[in-house]
$ cat model.cif   # mmCIF, C-alpha atoms
data_my_file
#
loop_
_atom_site.label_atom_id
_atom_site.label_comp_id
_atom_site.auth_asym_id
_atom_site.auth_seq_id
_atom_site.Cartn_x
_atom_site.Cartn_y
_atom_site.Cartn_z
CA MET H 20 -0.57 -20.25 -10.82
CA ARG H 21 0.35 -16.58 -11.20
CA LYS H 22 -2.25 -16.10 -13.96
CA LEU H 23 -4.93 -17.73 -11.80
CA TYR H 24 -4.07 -15.45 -8.87
CA GLN H 25 -4.21 -12.42 -11.17
CA PHE H 26 -7.57 -13.56 -12.59
CA ILE H 27 -9.00 -13.87 -9.06
CA PHE H 28 -7.65 -10.43 -8.14
CA ASP H 29 -9.12 -8.83 -11.29
CA TYR H 30 -12.49 -10.46 -10.58
CA LEU H 31 -12.55 -9.22 -6.97
CA LEU H 32 -11.42 -5.73 -8.05
CA LYS H 33 -14.37 -5.47 -10.45
CA LYS H 34 -16.72 -6.32 -7.58
CA GLN H 35 -15.47 -3.41 -5.44
CA PRO H 36 -17.93 -0.54 -4.99
CA ALA H 37 -17.25 2.76 -6.74
CA ARG H 38 -15.06 5.12 -4.74
CA ASP H 39 -15.77 8.73 -3.84
CA PRO H 40 -12.27 10.02 -3.04
CA ARG H 41 -11.72 13.03 -0.77
CA PHE H 42 -8.42 14.85 -1.08
CA PRO H 43 -6.57 15.08 2.26
CA HIS H 44 -5.94 18.47 3.87
CA LEU H 45 -2.40 18.39 5.20
CA ASP H 46 -2.96 21.33 7.54
CA LYS H 47 -4.72 19.06 10.05
CA PRO H 48 -3.60 15.74 11.58
CA LEU H 49 -4.35 12.76 9.37
CA LYS H 50 -4.55 9.06 9.95
CA VAL H 51 -2.22 7.56 7.32
CA LEU H 52 -1.60 4.00 6.18
CA LEU H 53 1.76 3.19 4.55
CA ILE H 54 1.90 0.08 2.38
CA TYR H 55 5.35 -1.19 1.40
CA GLU H 56 7.43 -4.16 0.38
CA SER H 57 9.52 -5.24 3.35
CA ASP H 58 13.15 -6.22 3.02
CA ILE H 59 13.92 -9.86 3.77
CA LEU H 60 15.40 -9.04 7.20
CA GLU H 61 12.34 -6.92 8.07
CA ARG H 62 14.47 -3.92 9.07
CA ASN H 63 12.98 -1.42 6.59
CA ASP H 64 15.18 1.56 7.47
CA ALA H 65 13.89 3.68 4.55
CA ILE H 66 10.27 3.04 5.57
CA LYS H 67 11.02 3.91 9.19
CA SER H 68 12.53 7.24 8.13
CA ILE H 69 9.43 7.94 6.00
CA ARG H 70 7.31 7.17 9.05
CA GLN H 71 9.38 9.61 11.11
CA ASP H 72 8.80 12.32 8.49
CA LEU H 73 5.05 11.76 8.65
CA LEU H 74 5.12 11.82 12.45
CA ARG H 75 6.93 15.17 12.29
CA ARG H 76 4.02 16.37 10.14
CA GLN H 77 1.67 15.50 13.04
CA MET H 78 0.18 12.44 11.32
CA ASP H 79 -0.92 9.18 12.93
CA VAL H 80 0.94 6.53 10.90
CA THR H 81 0.19 2.82 10.53
CA MET H 82 2.48 0.66 8.38
CA TRP H 83 1.63 -2.60 6.61
CA GLY H 84 4.40 -4.40 4.77
CA TYR H 85 4.80 -7.69 2.94
CA VAL H 86 7.73 -10.04 2.48
CA ALA H 87 7.57 -13.30 0.51
CA LYS H 88 8.52 -15.72 3.31
CA LYS H 89 6.53 -17.98 5.61
CA GLU H 90 7.86 -17.04 9.04
CA ILE H 91 7.70 -13.37 9.99
CA SER H 92 9.90 -12.41 12.93
CA THR H 93 8.49 -8.91 13.49
CA LEU H 94 5.73 -8.60 16.09
CA ILE H 95 2.24 -7.60 15.03
CA LEU H 96 1.71 -4.18 16.58
CA PRO H 97 -1.22 -1.76 16.28
CA GLN H 98 0.93 0.68 14.28
CA SER H 99 3.07 -1.78 12.32
CA ARG H 100 2.54 -5.15 10.70
CA ILE H 101 4.46 -7.24 8.19
CA LEU H 102 2.53 -9.88 6.30
CA GLY H 103 4.03 -13.05 4.89
CA LEU H 104 2.98 -16.06 2.86
CA ASN H 105 1.06 -17.55 5.81
CA ASP H 106 -1.27 -14.52 5.85
CA TYR H 107 -2.71 -15.47 2.44
CA ASN H 108 -4.82 -18.49 1.54
CA TRP H 109 -4.37 -21.03 -1.22
CA TRP H 110 -6.13 -18.72 -3.71
CA GLY H 111 -3.67 -15.91 -2.97
CA THR H 112 -6.22 -13.73 -1.18
CA PRO H 113 -5.72 -12.38 2.37
CA LYS H 114 -7.04 -14.55 5.17
CA LYS H 115 -10.11 -13.43 7.10
CA ASP H 116 -8.20 -12.26 10.20
CA VAL H 117 -5.94 -10.05 8.04
CA LEU H 118 -8.95 -8.50 6.30
CA ASP H 119 -10.73 -7.99 9.62
CA ASP H 120 -7.71 -6.17 11.06
CA LEU H 121 -7.36 -4.05 7.90
CA ARG H 122 -11.02 -3.12 7.70
CA ALA H 123 -11.21 -2.28 11.42
CA GLU H 124 -9.52 1.07 10.79
CA HIS H 125 -10.43 4.05 8.62
CA TYR H 126 -7.68 6.22 7.15
CA GLU H 127 -7.78 9.67 5.60
CA LEU H 128 -4.78 8.85 3.39
CA MET H 129 -3.23 5.64 2.11
CA ILE H 130 0.28 5.96 0.69
CA ASP H 131 1.26 2.92 -1.34
CA LEU H 132 5.05 2.75 -1.58
CA THR H 133 4.96 -0.46 -3.61
CA THR H 134 7.39 -0.02 -6.47
CA ARG H 135 6.51 -3.14 -8.42
CA PRO H 136 3.32 -5.15 -8.89
CA ILE H 137 3.17 -7.45 -5.83
CA LEU H 138 -0.25 -9.08 -5.71
CA PRO H 139 -0.45 -9.52 -1.89
CA LEU H 140 0.09 -5.77 -1.48
CA ARG H 141 -2.41 -5.00 -4.26
CA TYR H 142 -5.03 -6.75 -2.11
CA ILE H 143 -4.12 -4.58 0.88
CA ALA H 144 -4.44 -1.46 -1.28
CA MET H 145 -7.77 -2.65 -2.66
CA TYR H 146 -9.34 -3.48 0.72
CA THR H 147 -8.04 -0.49 2.71
CA ASP H 148 -10.78 1.84 3.91
CA ALA H 149 -9.25 5.22 3.03
CA ASP H 150 -10.62 8.55 1.87
CA PHE H 151 -7.75 9.03 -0.57
CA LYS H 152 -5.30 6.48 -2.02
CA VAL H 153 -2.08 7.38 -3.78
CA GLY H 154 0.66 5.25 -5.31
CA LEU H 155 2.67 4.31 -8.37
CA ASN H 156 0.71 3.61 -11.56
CA LEU H 157 0.92 -0.18 -11.74
CA GLY H 158 -2.03 -0.51 -14.09
CA GLU H 159 -4.85 -1.69 -11.80
CA GLY H 160 -6.66 1.55 -11.00
CA LEU H 161 -6.53 1.01 -7.23
CA HIS H 162 -5.48 4.56 -6.40
CA ASP H 163 -7.17 7.94 -6.60
CA MET H 164 -3.91 9.66 -7.58
CA LEU H 165 -1.29 7.88 -9.64
CA ILE H 166 2.39 8.68 -9.91
CA SER H 167 3.59 7.78 -13.39
CA LEU H 168 7.12 7.48 -14.66
CA PRO H 169 7.94 8.50 -18.24
CA ASP H 170 9.71 5.27 -19.21
CA PHE H 171 7.69 2.84 -17.08
CA SER H 172 4.94 0.42 -17.99
CA PRO H 173 3.30 -1.99 -15.53
CA GLU H 174 4.43 -4.98 -17.61
CA GLN H 175 8.08 -4.18 -16.93
CA GLY H 176 7.47 -3.55 -13.23
CA GLU H 177 9.62 -6.46 -12.08
CA ASN H 178 12.63 -5.08 -13.97
CA VAL H 179 12.52 -1.45 -12.86
CA ASN H 180 14.35 -0.37 -9.71
CA ILE H 181 12.57 2.49 -7.93
CA GLU H 182 13.35 3.41 -4.34
CA ALA H 183 10.43 3.74 -1.92
CA SER H 184 11.94 6.94 -0.50
CA TRP H 185 12.02 8.51 -3.99
CA LEU H 186 8.39 7.51 -4.56
CA TYR H 187 7.43 8.97 -1.17
CA ASP H 188 9.14 12.27 -2.05
CA GLN H 189 7.22 12.40 -5.35
CA ILE H 190 3.91 11.66 -3.65
CA MET H 191 4.39 14.27 -0.94
CA SER H 192 5.54 16.82 -3.50
CA PHE H 193 2.34 16.36 -5.52
CA ILE H 194 0.06 16.30 -2.48
CA THR H 195 1.55 19.48 -0.98
CA THR H 196 1.56 21.24 -4.37
CA ILE H 197 -2.06 20.40 -5.01
CA LYS H 198 -2.97 21.44 -1.47
CA SER H 199 -1.15 24.77 -1.81
CA ASN H 200 -3.24 25.58 -4.91
CA ASP H 201 -6.45 24.54 -3.16
#

$ encode --input "model.cif" --output "structure tokens"
Amino acid sequence: MRKLYQFIFDYLLKKQPARDPRFPHLDKPLKVLLIYESDILERNDAIKSIRQDLLRRQMDVTMWGYVAKKEISTLILPQSRILGLNDYNWWGTPKKDVLDDLRAEHYELMIDLTTRPILPLRYIAMYTDADFKVGLNLGEGLHDMLISLPDFSPEQGENVNIEASWLYDQIMSFITTIKSND
């Protein structure tokens, strides 16, 4: 089944229109989408502290997470949502209501804190309407800026342990460095 799901994803990715990325200017408030893998209890303390850091930077932050379970206990809020197995159809693609909610907003920056290739989150990254997308290089070409690790390949993604907070620090370091040389 996993190969079929990946085949469907690859097919839909090829059908996506070409992107014209615009680098975010951090000196003005931005609308930011955080994508992350939720912990099983849906507490996500590291993600909440990342959100607080972005709020301190005067950014409007929306968070979308995913956890591989059917029943999600966290409420769906305008600024925070955790998706589960019931939010995806039999083909592994997001249901229409999820896509409608995702496409209803435009973001200046999407920060993908996914640290391993999780197909449900790859769909969220693919369908997000954002001027600039950044995340770990997981091999799909979904992002405008990729963070690569020296000893990492997408095939070993399930076996590598990377913390979302470390990835966030790397992303922000690159974005602020590039901005300062702008």

$ resolve_selection --input "model.cif" --expression "the PyMOL selection byres ((chain H and resi 136-151) around 9)" --output "ChimeraX atom specification"
/H:24-25,28,32,35,38-43,51-52,54-56,83-85,102-104,107,111-113,118,121-131,133-135,152-153,157-159,161-164,173-174,176-177

$ closest_residue --input "model.cif" --among "H:Asn108, H:Ser167, H:Asn156, H:Thr93" --to "Asp58 (chain H)" --atoms "all atoms listed in the file"
H:Thr93

$ atom_distance --input "model.cif" --atom1 "CA of Ile66 (chain H)" --atom2 "CA of Ser99 (chain H)"
11.0 Å

$ atom_distance --input "model.cif" --atom1 "CA of Lys22 (chain H)" --atom2 "CA of Ile101 (chain H)"
24.8 Å

$ atom_distance --input "model.cif" --atom1 "CA of Glu182 (chain H)" --atom2 "CA of Ile194 (chain H)"
18.6 Å

$ closest_residue --input "model.cif" --among "H:Lys89, H:Leu94, H:Ser68, H:Val80" --to "Ser184 (chain H)" --atoms "all atoms listed in the file"
H:Ser68

$ closest_residue --input "model.cif" --among "H:Leu31, H:Met78, H:Leu73, H:Ile181" --to "Leu49 (chain H)" --atoms "all atoms listed in the file"
H:Met78

$ closest_residue --input "model.cif" --among "H:Asp46, H:Ser192, H:Arg100, H:Ile95" --to "Met82 (chain H)" --atoms "all atoms listed in the file"
H:Arg100

$ closest_residue --input "model.cif" --among "H:Leu53, H:Val117, H:Pro48, H:Arg62" --to "Gly154 (chain H)" --atoms "only C-alpha atoms"
H:Leu53

$ axis_aligned_box --input "model.cif" --around "region 59-68 of chain H" --padding-each-side "6 Å" --output "lines of an AutoDock Vina configuration file"
center_x = 12.8
center_y = -1.3
center_z = 6.5
size_x = 17.1
size_y = 29.1
size_z = 17.4

$ decode --input "model.cif" --residues "region 88-118 of chain H" --atoms "N, CA and C atoms" --output "compact mmCIF listing (two decimals), in the first residue's frame"
# COMPACT_ATOMS: atom_id res chain seq x y z
N LYS H 88 -3.05 8.48 14.21
CA LYS H 88 -4.10 7.82 14.99
C LYS H 88 -5.44 8.34 14.50
N LYS H 89 -6.50 7.56 14.75
CA LYS H 89 -7.81 7.90 14.22
C LYS H 89 -8.48 9.04 14.96
N GLU H 90 -8.50 8.97 16.28
CA GLU H 90 -9.21 9.97 17.08
C GLU H 90 -8.24 11.03 17.58
N ILE H 91 -8.49 12.27 17.19
CA ILE H 91 -7.68 13.40 17.62
C ILE H 91 -8.44 14.10 18.74
N SER H 92 -7.75 14.34 19.86
CA SER H 92 -8.42 14.94 21.01
C SER H 92 -8.30 16.47 21.02
N THR H 93 -7.36 17.02 20.28
CA THR H 93 -7.16 18.46 20.24
C THR H 93 -8.24 19.12 19.38
N LEU H 94 -8.76 20.23 19.84
CA LEU H 94 -9.77 20.97 19.09
C LEU H 94 -9.18 21.56 17.82
N ILE H 95 -10.01 21.69 16.80
CA ILE H 95 -9.61 22.39 15.58
C ILE H 95 -9.83 23.87 15.83
N LEU H 96 -8.75 24.63 15.82
CA LEU H 96 -8.80 26.06 16.06
C LEU H 96 -8.29 26.79 14.82
N PRO H 97 -8.61 28.07 14.67
CA PRO H 97 -8.12 28.80 13.50
C PRO H 97 -6.58 28.84 13.42
N GLN H 98 -5.90 28.85 14.56
CA GLN H 98 -4.45 28.96 14.57
C GLN H 98 -3.73 27.64 14.83
N SER H 99 -4.47 26.56 15.04
CA SER H 99 -3.83 25.28 15.36
C SER H 99 -4.74 24.12 14.99
N ARG H 100 -4.15 23.14 14.33
CA ARG H 100 -4.93 21.97 13.92
C ARG H 100 -4.01 20.77 13.86
N ILE H 101 -4.49 19.65 14.38
CA ILE H 101 -3.77 18.39 14.28
C ILE H 101 -4.62 17.43 13.45
N LEU H 102 -4.03 16.93 12.40
CA LEU H 102 -4.72 15.98 11.53
C LEU H 102 -4.41 14.56 11.97
N GLY H 103 -5.33 13.66 11.67
CA GLY H 103 -5.14 12.25 11.98
C GLY H 103 -5.54 11.39 10.79
N LEU H 104 -5.59 10.11 10.98
CA LEU H 104 -5.91 9.18 9.91
C LEU H 104 -7.27 9.45 9.29
N ASN H 105 -8.23 9.91 10.07
CA ASN H 105 -9.58 10.18 9.55
C ASN H 105 -9.65 11.39 8.64
N ASP H 106 -8.58 12.19 8.57
CA ASP H 106 -8.56 13.37 7.71
C ASP H 106 -8.05 13.05 6.30
N TYR H 107 -7.74 11.78 6.06
CA TYR H 107 -7.23 11.34 4.76
C TYR H 107 -8.12 10.23 4.22
N ASN H 108 -8.28 10.19 2.89
CA ASN H 108 -9.16 9.20 2.30
C ASN H 108 -8.44 7.87 2.07
N TRP H 109 -9.15 6.96 1.44
CA TRP H 109 -8.61 5.62 1.22
C TRP H 109 -7.36 5.63 0.37
N TRP H 110 -7.21 6.64 -0.51
CA TRP H 110 -6.04 6.75 -1.38
C TRP H 110 -4.86 7.43 -0.68
N GLY H 111 -5.07 7.87 0.55
CA GLY H 111 -3.99 8.52 1.30
C GLY H 111 -3.89 10.01 1.07
N THR H 112 -4.82 10.58 0.31
CA THR H 112 -4.80 12.02 0.05
C THR H 112 -5.72 12.73 1.05
N PRO H 113 -5.46 14.01 1.32
CA PRO H 113 -6.31 14.75 2.27
C PRO H 113 -7.75 14.85 1.76
N LYS H 114 -8.69 14.78 2.68
CA LYS H 114 -10.10 14.93 2.33
C LYS H 114 -10.38 16.37 1.90
N LYS H 115 -11.49 16.54 1.20
CA LYS H 115 -11.84 17.84 0.63
C LYS H 115 -11.93 18.94 1.68
N ASP H 116 -12.53 18.67 2.83
CA ASP H 116 -12.66 19.72 3.85
C ASP H 116 -11.30 20.16 4.39
N VAL H 117 -10.35 19.23 4.49
CA VAL H 117 -8.99 19.58 4.93
C VAL H 117 -8.34 20.49 3.89
N LEU H 118 -8.43 20.10 2.62
CA LEU H 118 -7.84 20.91 1.55
C LEU H 118 -8.51 22.29 1.46
